[in-house]
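Asker: Below are the structure tokens for one structure; questions will follow.
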Amino acid sequence: MKSFTVTANRTADGAVVYLRDDRQWTADIASALVRTDPAAMTDLLAWARAQQRDVCDPYPLEVQVREGAPAPVGTRERIRAAGPDATLRSLGYAS
Amino acid sequence: MYRYDEHDRALVHQRAAQFREQVRRRLEGDITEDEFKPLRLQNGLYMQLHAYMLRIAVPYGLLSSRQMRQLAHIARTFDRGYGHLTTRQNVQFNWPKLEDVPAILDALAEVEMHAIQTSGNCIRNITSDPFAGVARDEVADPRPYCELLRQWSTFHPEFAFLPRKFKIAVTGAAHDRAAIAYHDIGLRLVRGERGEVGVQVLVGGGMGRTPRVGQVCRDYLPQEHLLSYCEAILRVYNRFGRRDNKFKARIKILVEALGIEQFAARVEAEWAQIKDTALRLDGGELERLASYFVPPDYATDLPGEEALEAPRLMDPDFRRWHDHNVVPHKAPGYSAVAVSVKATGMPPGDVTDAQMDAMAYLADRYSFGRLVVTHRQNLVLPDVPTRDLHALWQSLRELGFGASNYEQLTDIVACPGLDYCNLANARSLSVAKAIEQRFTDAIRLAEVGRLTLNISGCINACGHHHVGHIGILGINKRGEEYYQLMVGGSHEDDASLGAAVGRAFAHDDIAGAVETVVDTYLAQRAGPDEPFLAFIRRVGLEPLQEALYAGE
């Protein structure tokens with residue numbers, strides 16, 4: 001089975017967030033929840049999509065689990081997970 | 001430049017107030033993202049990879065120093081200290097918080113700016129020649145025509161839900177610097193038989209995933225019919241353009257499906273119904289708008305190039321900049337200056353709040369308080385006394401804008417790419433930086449000569465890779481970034497689409513591939529007088545393929 005988490009953009013500022021097991025949103029993908037069961041994922045997505053005040057457009061995201069923690073797959077999700085400061089640093093902005 | 005009347009002013013303030021209320025409802029959870037999305041897009045507010053992005057309209061790229069200072073204020077107060085010049089002569093902010101956007105729109109409205117029609121399937125910002133009003137080869141100043149089209153297209157109720165977005169460019173010069181062949185409608189001001197101004201109308205050009213060079217829909221249109229004829233084109237498109245497939249919805253697909261003759265015939269039939277209605281421009285409307293664009297009060301006793309003899313002789317860096325970045329001006333004693341904001345170590349088109357403030361100051365001091373955003377992501381100071389060029393250049397250099405690379409290899413056009421954009425397949429800005437780092441020597445760049453380089457992070461082609469002399473297109477291969485290398489594109493009078501050289505390169509190899517192309521050109525060109533584009537058109541792809549893929 002593939003491993004998935006749930007990700008979205010935060011309504012207030014558009015920041016990338018991931019869902020944790022305690023149903024809080026976090027910027028840290030390593031502390032995101034991981035599911036391998038499609039039924040569990042269906043429930044989680046339904047819950048996440050009901051949180052439309054806090055987040056925009058949640059979607060299921062495939063992750064690799066490394067040393068017990070989820071990590072992003074592919075360049076796009078690596079850049080999302082690394083966060084805006086990493087982007088700004090790589091572009092030459094000290095932040 | 002155009003000044004708002006009470007209707008314009010009321011309209012943008014009302015829109016800002018409406019959006020404030022919509023944002024409040026979104027933040028309080030009264031409306032969902034699906035409900036909010038069309039509302040925010042109507043105000044230029046996109047959701048990007050890491051944050052919202054606000055796209056602000058800069059009609060035909062023209063800014064007053066006051067507007068530039070306000071943009072600096074917004075960058076400093078509400079964003080992360082910089083803004084981004086776009087390929088539609090607009091300005092984008094990459095990091096606004098949702099709750100701050102209404103205050104940003106209020107700040108924009110204060111200086112007669114807004115973000116209306118910078119997104120969505122409507123008529124977008126009208127673009128033009130960055131040297132409009134000052135170019136020596138100008139037939140007529142395109143800005144009154146741009147402003148006329150802006151007013152006609154703003155909140156035009158019939159064209160609020162077109163099949164797809166719609167872009168119009170106007171050039172008034174003999175030499176096209178507005179890329180009119182790559183617009184849904186491209187307009188060229190020409191002289192008629194009796195010396196009167198008329199319009200050549202191109203239609204169906206565009207880039208994106210189906211790049212097409214625009215075709216002539218009407219060779220000569222009397223200017224009083226400009227709006228009725230454009231309205232007829234939009235009506236034909238609105239009625240017959242495809243709505244079933246987003247990727248086949250642009251007017252270029254319709255023009256191609258019907259053929260230009262059939263398309264033009266439908267436009268003529270529609271036009272016949274409306275050409276003598278209220279859209280006809282014989283009530284002095286163009287003259288009224290032209291009065292906003294009268295030339296500034298040029299001094300008539302200024303020295304010409306002779307004033308630069310000593311600085312040119314004694315300062316080779318200045319001489320190189322003067323040779324490359326200064327454009328002849330129609331008024332004696334004045335010059336138009338292309339300020340390169342590239343090769344600063346920052347992404348192409350990014351300008352900090354301090355640089356914006358400084359450019360506003362320099363515009364006030366040297367250029368009647370006006371600046372222009374160019375579609376190649378630079379700034380123009382249009383009206384600089386020639387004798388002040390050396391002093392201006394020294395100030396620009398202190399800002400990091402002293403590079404003499406205008407329309408040279410490191411004057412790179414790039415979309416935001418995967419560092420910012422949700423649609424992108426690959427990063428553009430890191431590739432721009434890697435190329436920049438290989439070509440830091442101004443003397444070598446001058447030896448290479450005029451060579452435009454455009455980078456897009458996906459097939460939507462926001463970086464206009466199809467029309468760069470060298471074009472780079474980011475693609476996704478199994479989740480990793482690869483880059484297709486293209487050569488031979490042009491957005492000028494000799495408009496042509498670039499051709500792919502061969503197999504794509506990995507992220508870390510593409511800058512080296514560009515260097516190989518440049519080295520091949522330098523080694524094999526007929527001489528220093530053969531520009532890169534002419535070389536490619538003469539030799540084709542083969543010498544490049546040999547150099548790039550030898551031994552495979």
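By convention here, the chains of the structure tokens are called A, B, ... in the order presented, each chain's residues are numbered starting at 1, and ligands are numbered starting at 1 in the order presented.
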With chain B as the partner and 7 Å as the cut-off, tabulate the residues of chain A that qualify, each row holding the nearest pair of atoms and their distance in Å to one decimal, using only C-alpha atoms, sorted by chain and rising number, as JSON lines.
Answerer:
```
{"residue": "A:Ala12", "atom": "CA", "partner": "B:Leu98", "partner_atom": "CA", "distance": 5.5}
{"residue": "A:Asp13", "atom": "CA", "partner": "B:Lys97", "partner_atom": "CA", "distance": 4.5}
{"residue": "A:Gly14", "atom": "CA", "partner": "B:Ala51", "partner_atom": "CA", "distance": 4.0}
{"residue": "A:Ala15", "atom": "CA", "partner": "B:His50", "partner_atom": "CA", "distance": 5.0}
{"residue": "A:Val16", "atom": "CA", "partner": "B:His50", "partner_atom": "CA", "distance": 5.7}
{"residue": "A:Gln52", "atom": "CA", "partner": "B:Thr32", "partner_atom": "CA", "distance": 5.9}
{"residue": "A:Arg53", "atom": "CA", "partner": "B:Gly29", "partner_atom": "CA", "distance": 4.4}
{"residue": "A:Cys56", "atom": "CA", "partner": "B:Glu33", "partner_atom": "CA", "distance": 5.9}
{"residue": "A:Gly74", "atom": "CA", "partner": "B:Gly479", "partner_atom": "CA", "distance": 4.5}
{"residue": "A:Thr75", "atom": "CA", "partner": "B:Glu480", "partner_atom": "CA", "distance": 5.7}
{"residue": "A:Arg76", "atom": "CA", "partner": "B:Leu418", "partner_atom": "CA", "distance": 6.8}
{"residue": "A:Arg80", "atom": "CA", "partner": "B:Leu49", "partner_atom": "CA", "distance": 6.5}
{"residue": "A:Gly83", "atom": "CA", "partner": "B:His50", "partner_atom": "CA", "distance": 7.0}
{"residue": "A:Pro84", "atom": "CA", "partner": "B:His50", "partner_atom": "CA", "distance": 6.2}
{"residue": "A:Thr87", "atom": "CA", "partner": "B:Asp419", "partner_atom": "CA", "distance": 6.2}
{"residue": "A:Leu91", "atom": "CA", "partner": "B:Met346", "partner_atom": "CA", "distance": 6.4}
{"residue": "A:Gly92", "atom": "CA", "partner": "B:Met346", "partner_atom": "CA", "distance": 5.7}
```
Asker: May I have the selected residues written with N, CA and C atoms, as a short mmCIF file (atom, residue, chain, number, x, y, z; two decimals), in the first residue's frame?
Answerer:
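File written: result_35.cif
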```
data_model
loop_
_atom_site.label_atom_id
_atom_site.label_comp_id
_atom_site.auth_asym_id
_atom_site.auth_seq_id
_atom_site.Cartn_x
_atom_site.Cartn_y
_atom_site.Cartn_z
N ALA A 12 -5.47 31.97 5.72
CA ALA A 12 -5.01 33.29 6.15
C ALA A 12 -3.89 33.84 5.28
N ASP A 13 -2.95 32.96 4.92
CA ASP A 13 -1.78 33.46 4.18
C ASP A 13 -1.34 32.55 3.04
N GLY A 14 -2.06 31.47 2.80
CA GLY A 14 -1.71 30.58 1.70
C GLY A 14 -0.59 29.60 2.01
N ALA A 15 -0.08 29.62 3.23
CA ALA A 15 1.05 28.75 3.57
C ALA A 15 0.68 27.28 3.43
N VAL A 16 1.67 26.47 3.05
CA VAL A 16 1.47 25.03 2.91
C VAL A 16 1.34 24.40 4.29
N GLN A 52 -13.09 24.25 5.69
CA GLN A 52 -12.82 25.23 4.64
C GLN A 52 -12.58 26.64 5.17
N ARG A 53 -12.95 26.92 6.39
CA ARG A 53 -12.63 28.24 6.92
C ARG A 53 -11.12 28.39 7.12
N CYS A 56 -7.57 25.89 2.36
CA CYS A 56 -8.11 25.88 1.00
C CYS A 56 -7.71 24.58 0.30
N GLY A 74 8.94 13.91 -5.24
CA GLY A 74 8.95 14.76 -6.44
C GLY A 74 9.36 16.20 -6.12
N THR A 75 9.83 16.88 -7.14
CA THR A 75 10.38 18.23 -6.95
C THR A 75 9.32 19.20 -6.42
N ARG A 76 8.13 19.17 -7.00
CA ARG A 76 7.10 20.13 -6.61
C ARG A 76 6.81 20.03 -5.11
N ARG A 80 7.38 22.60 -1.98
CA ARG A 80 6.29 23.00 -1.08
C ARG A 80 6.65 22.73 0.37
N GLY A 83 9.18 24.98 2.29
CA GLY A 83 8.63 26.22 2.84
C GLY A 83 9.18 27.47 2.18
N PRO A 84 8.53 28.61 2.46
CA PRO A 84 8.89 29.86 1.78
C PRO A 84 10.30 30.34 2.09
N THR A 87 12.68 28.74 -0.21
CA THR A 87 12.53 29.33 -1.54
C THR A 87 13.24 30.68 -1.60
N LEU A 91 16.56 31.89 -3.82
CA LEU A 91 16.42 32.95 -4.82
C LEU A 91 17.34 34.13 -4.53
N GLY A 92 18.04 34.08 -3.42
CA GLY A 92 18.98 35.16 -3.12
C GLY A 92 18.46 36.15 -2.11
#
```
Asker: Please list as a VMD selection string every residue within 12 Å of A:Asp43, counting only C-alpha atoms and excluding residues in the same chain fewer than 6 positions away.
Answerer: chain A and resid 6 35 37 49 to 50 60
Asker: Hey, can you spit out that residue selection with C-alpha atoms as a PDB file, in the first residue's frame?
Answerer:
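And here's again37.pdb as it stands now:
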```pdb
ATOM      1  CA  VAL A   6      -3.349  15.373   3.596  1.00  0.00           C
ATOM      2  CA  ARG A  35      -2.412   6.552   6.188  1.00  0.00           C
ATOM      3  CA  ASP A  37      -5.868   2.508   4.248  1.00  0.00           C
ATOM      4  CA  ARG A  49     -12.595  19.512   3.249  1.00  0.00           C
ATOM      5  CA  ALA A  50     -15.074  20.523   5.908  1.00  0.00           C
ATOM      6  CA  PRO A  60      -4.297  13.621  -0.611  1.00  0.00           C
TER       7      PRO A  60
END
```
Asker: Extract the full set of helix (DSSP H, G or I) residues from stretch 382-441 of chain B according to DSSP on the backbone, and format it as a list in words.
Answerer: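 The helix (DSSP H, G or I) subset of stretch 382-441 of chain B is Thr386, Arg387, Asp388, Leu389, His390, Ala391, Leu392, Trp393, Gln394, Ser395, Leu396, Arg397, Glu398, Leu399, Gly417, Leu418, Asp419, Leu429, Ser430, Val431, Ala432, Lys433, Ala434, Ile435, Glu436, Gln437 and Arg438 of chain B.
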Asker: Residues at most 8 Å from B:Leu308, counting only C-alpha atoms, excluding those fewer than 5 positions away in the same chain, as a ChimeraX atom specification?
Answerer: /B:386-387,389-390
Asker: Considering only C-alpha atoms, return as a PyMOL selection string whatever protein or nucleic-acid residues lie within 7 Å of stretch 83-93 of chain B, sequence-local ones (same chain, fewer than 6 positions apart) excluded.
Answerer: chain B and resi 53-58+60-61+75+127+349-352+373-377
Asker: Atom CA of B:Gly133 to atom CA of B:His7: how many Å, to one decimal?
Answerer: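 Distance reported for this atom pair: 26.4 Å.
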Asker: I want to know what sits within 6 Å of stretch 487-500 of chain B, based on only C-alpha atoms, with residues of the same chain fewer than 2 positions away left out; could you give that as a PyMOL selection string?
Answerer: chain B and resi 176+179+466-471+485+502+533
Asker: Counting only C-alpha atoms, what is within 7 Å of A:Thr36, bar same-chain residues fewer than 3 positions away, as number ranges by chain?
Answerer: A: 1-4
Asker: Identify, on the basis of only C-alpha atoms, every residue whose closest approach to A:Tyr18 does not exceed 10 Å; exclude the query and any residue fewer than 5 positions from it along the same chain; express the result as a VMD selection string.
Answerer: chain A and resid 5 to 10 23 to 33 58 to 61 81
Asker: Hey, can you spit out that residue selection with N, CA and C atoms as a PDB file, in the first residue's frame?
Answerer:
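Wrote it out as out-v4.pdb, contents follow:
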```pdb
ATOM      1  N   THR A   5      -0.611  11.422   3.065  1.00  0.00           N
ATOM      2  CA  THR A   5      -1.049  12.358   4.086  1.00  0.00           C
ATOM      3  C   THR A   5      -2.042  13.327   3.431  1.00  0.00           C
ATOM      4  N   VAL A   6      -2.440  14.364   4.145  1.00  0.00           N
ATOM      5  CA  VAL A   6      -3.349  15.373   3.596  1.00  0.00           C
ATOM      6  C   VAL A   6      -2.654  16.726   3.673  1.00  0.00           C
ATOM      7  N   THR A   7      -2.704  17.456   2.576  1.00  0.00           N
ATOM      8  CA  THR A   7      -2.097  18.791   2.565  1.00  0.00           C
ATOM      9  C   THR A   7      -3.090  19.803   2.009  1.00  0.00           C
ATOM     10  N   ALA A   8      -2.798  21.096   2.298  1.00  0.00           N
ATOM     11  CA  ALA A   8      -3.673  22.185   1.863  1.00  0.00           C
ATOM     12  C   ALA A   8      -2.884  23.484   1.956  1.00  0.00           C
ATOM     13  N   ASN A   9      -3.517  24.592   1.567  1.00  0.00           N
ATOM     14  CA  ASN A   9      -2.948  25.914   1.820  1.00  0.00           C
ATOM     15  C   ASN A   9      -3.803  26.609   2.870  1.00  0.00           C
ATOM     16  N   ARG A  10      -3.134  27.277   3.801  1.00  0.00           N
ATOM     17  CA  ARG A  10      -3.851  27.953   4.883  1.00  0.00           C
ATOM     18  C   ARG A  10      -4.569  29.186   4.338  1.00  0.00           C
ATOM     19  N   ARG A  23      -5.528  16.258  14.409  1.00  0.00           N
ATOM     20  CA  ARG A  23      -6.416  17.094  13.595  1.00  0.00           C
ATOM     21  C   ARG A  23      -6.049  18.579  13.673  1.00  0.00           C
ATOM     22  N   GLN A  24      -4.788  18.854  13.940  1.00  0.00           N
ATOM     23  CA  GLN A  24      -4.283  20.213  13.787  1.00  0.00           C
ATOM     24  C   GLN A  24      -3.491  20.273  12.481  1.00  0.00           C
ATOM     25  N   TRP A  25      -3.349  21.478  11.949  1.00  0.00           N
ATOM     26  CA  TRP A  25      -2.563  21.658  10.713  1.00  0.00           C
ATOM     27  C   TRP A  25      -1.162  22.122  11.085  1.00  0.00           C
ATOM     28  N   THR A  26      -0.155  21.580  10.382  1.00  0.00           N
ATOM     29  CA  THR A  26       1.232  21.915  10.680  1.00  0.00           C
ATOM     30  C   THR A  26       1.972  22.252   9.389  1.00  0.00           C
ATOM     31  N   ALA A  27       2.997  23.102   9.497  1.00  0.00           N
ATOM     32  CA  ALA A  27       3.843  23.399   8.330  1.00  0.00           C
ATOM     33  C   ALA A  27       4.899  22.319   8.137  1.00  0.00           C
ATOM     34  N   ASP A  28       5.051  21.446   9.140  1.00  0.00           N
ATOM     35  CA  ASP A  28       6.142  20.465   9.147  1.00  0.00           C
ATOM     36  C   ASP A  28       5.636  19.115   8.646  1.00  0.00           C
ATOM     37  N   ILE A  29       6.050  18.752   7.451  1.00  0.00           N
ATOM     38  CA  ILE A  29       5.557  17.507   6.863  1.00  0.00           C
ATOM     39  C   ILE A  29       5.977  16.284   7.689  1.00  0.00           C
ATOM     40  N   ALA A  30       7.108  16.398   8.371  1.00  0.00           N
ATOM     41  CA  ALA A  30       7.608  15.252   9.139  1.00  0.00           C
ATOM     42  C   ALA A  30       6.666  14.885  10.289  1.00  0.00           C
ATOM     43  N   SER A  31       5.862  15.857  10.746  1.00  0.00           N
ATOM     44  CA  SER A  31       4.933  15.527  11.830  1.00  0.00           C
ATOM     45  C   SER A  31       3.509  15.283  11.314  1.00  0.00           C
ATOM     46  N   ALA A  32       3.370  15.172   9.991  1.00  0.00           N
ATOM     47  CA  ALA A  32       2.049  14.915   9.415  1.00  0.00           C
ATOM     48  C   ALA A  32       1.620  13.470   9.663  1.00  0.00           C
ATOM     49  N   LEU A  33       0.319  13.253   9.635  1.00  0.00           N
ATOM     50  CA  LEU A  33      -0.192  11.887   9.760  1.00  0.00           C
ATOM     51  C   LEU A  33       0.084  11.106   8.478  1.00  0.00           C
ATOM     52  N   PRO A  58      -7.875  21.126   0.288  1.00  0.00           N
ATOM     53  CA  PRO A  58      -7.070  19.990   0.759  1.00  0.00           C
ATOM     54  C   PRO A  58      -7.030  18.872  -0.284  1.00  0.00           C
ATOM     55  N   TYR A  59      -5.878  18.192  -0.366  1.00  0.00           N
ATOM     56  CA  TYR A  59      -5.793  17.058  -1.278  1.00  0.00           C
ATOM     57  C   TYR A  59      -4.905  15.971  -0.689  1.00  0.00           C
ATOM     58  N   PRO A  60      -5.130  14.712  -1.107  1.00  0.00           N
ATOM     59  CA  PRO A  60      -4.297  13.621  -0.611  1.00  0.00           C
ATOM     60  C   PRO A  60      -2.931  13.667  -1.280  1.00  0.00           C
ATOM     61  N   LEU A  61      -1.905  13.504  -0.474  1.00  0.00           N
ATOM     62  CA  LEU A  61      -0.528  13.641  -0.974  1.00  0.00           C
ATOM     63  C   LEU A  61       0.265  12.372  -0.672  1.00  0.00           C
ATOM     64  N   ALA A  81       7.198  21.524   0.603  1.00  0.00           N
ATOM     65  CA  ALA A  81       7.478  21.123   1.984  1.00  0.00           C
ATOM     66  C   ALA A  81       8.620  21.925   2.592  1.00  0.00           C
TER      67      ALA A  81
END
```
Asker: Let's see if you can do this: from backbone DSSP, list all strand (DSSP E) residues in stretch 262-360 of chain B, as an MDAnalysis selection string.
Answerer: chainID B and resid 326:328 334:339 350:352
Asker: When you count only C-alpha atoms, which of these residues is closest to B:Ile459: B:Leu148, B:Ala178, B:Ala173, B:Leu473?
Answerer: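 Among B:Leu148, B:Ala178, B:Ala173, B:Leu473, it is B:Leu473 that comes nearest to B:Ile459.
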Asker: When you draw a straight line from atom CA of B:Ser340 to atom CA of B:Asn378, how long is it in Å?
Answerer: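 Computed distance, atom CA of B:Ser340 to atom CA of B:Asn378, equals 5.5 Å.
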Asker: Looking at only C-alpha atoms, which of A:Val34, A:Ala86, A:Ile79, A:Leu19 is the one that sits closest to A:Val65?
Answerer: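 Checking each of A:Val34, A:Ala86, A:Ile79, A:Leu19 against A:Val65, counting only C-alpha atoms, the winner is A:Val34.
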Asker: Report, in Å to a single decimal, how far apart atom CA of B:Thr410 and atom CA of B:Ala432 are.
Answerer: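 Interatomic distance, atom CA of B:Ala432 to atom CA of B:Thr410: 8.0 Å.
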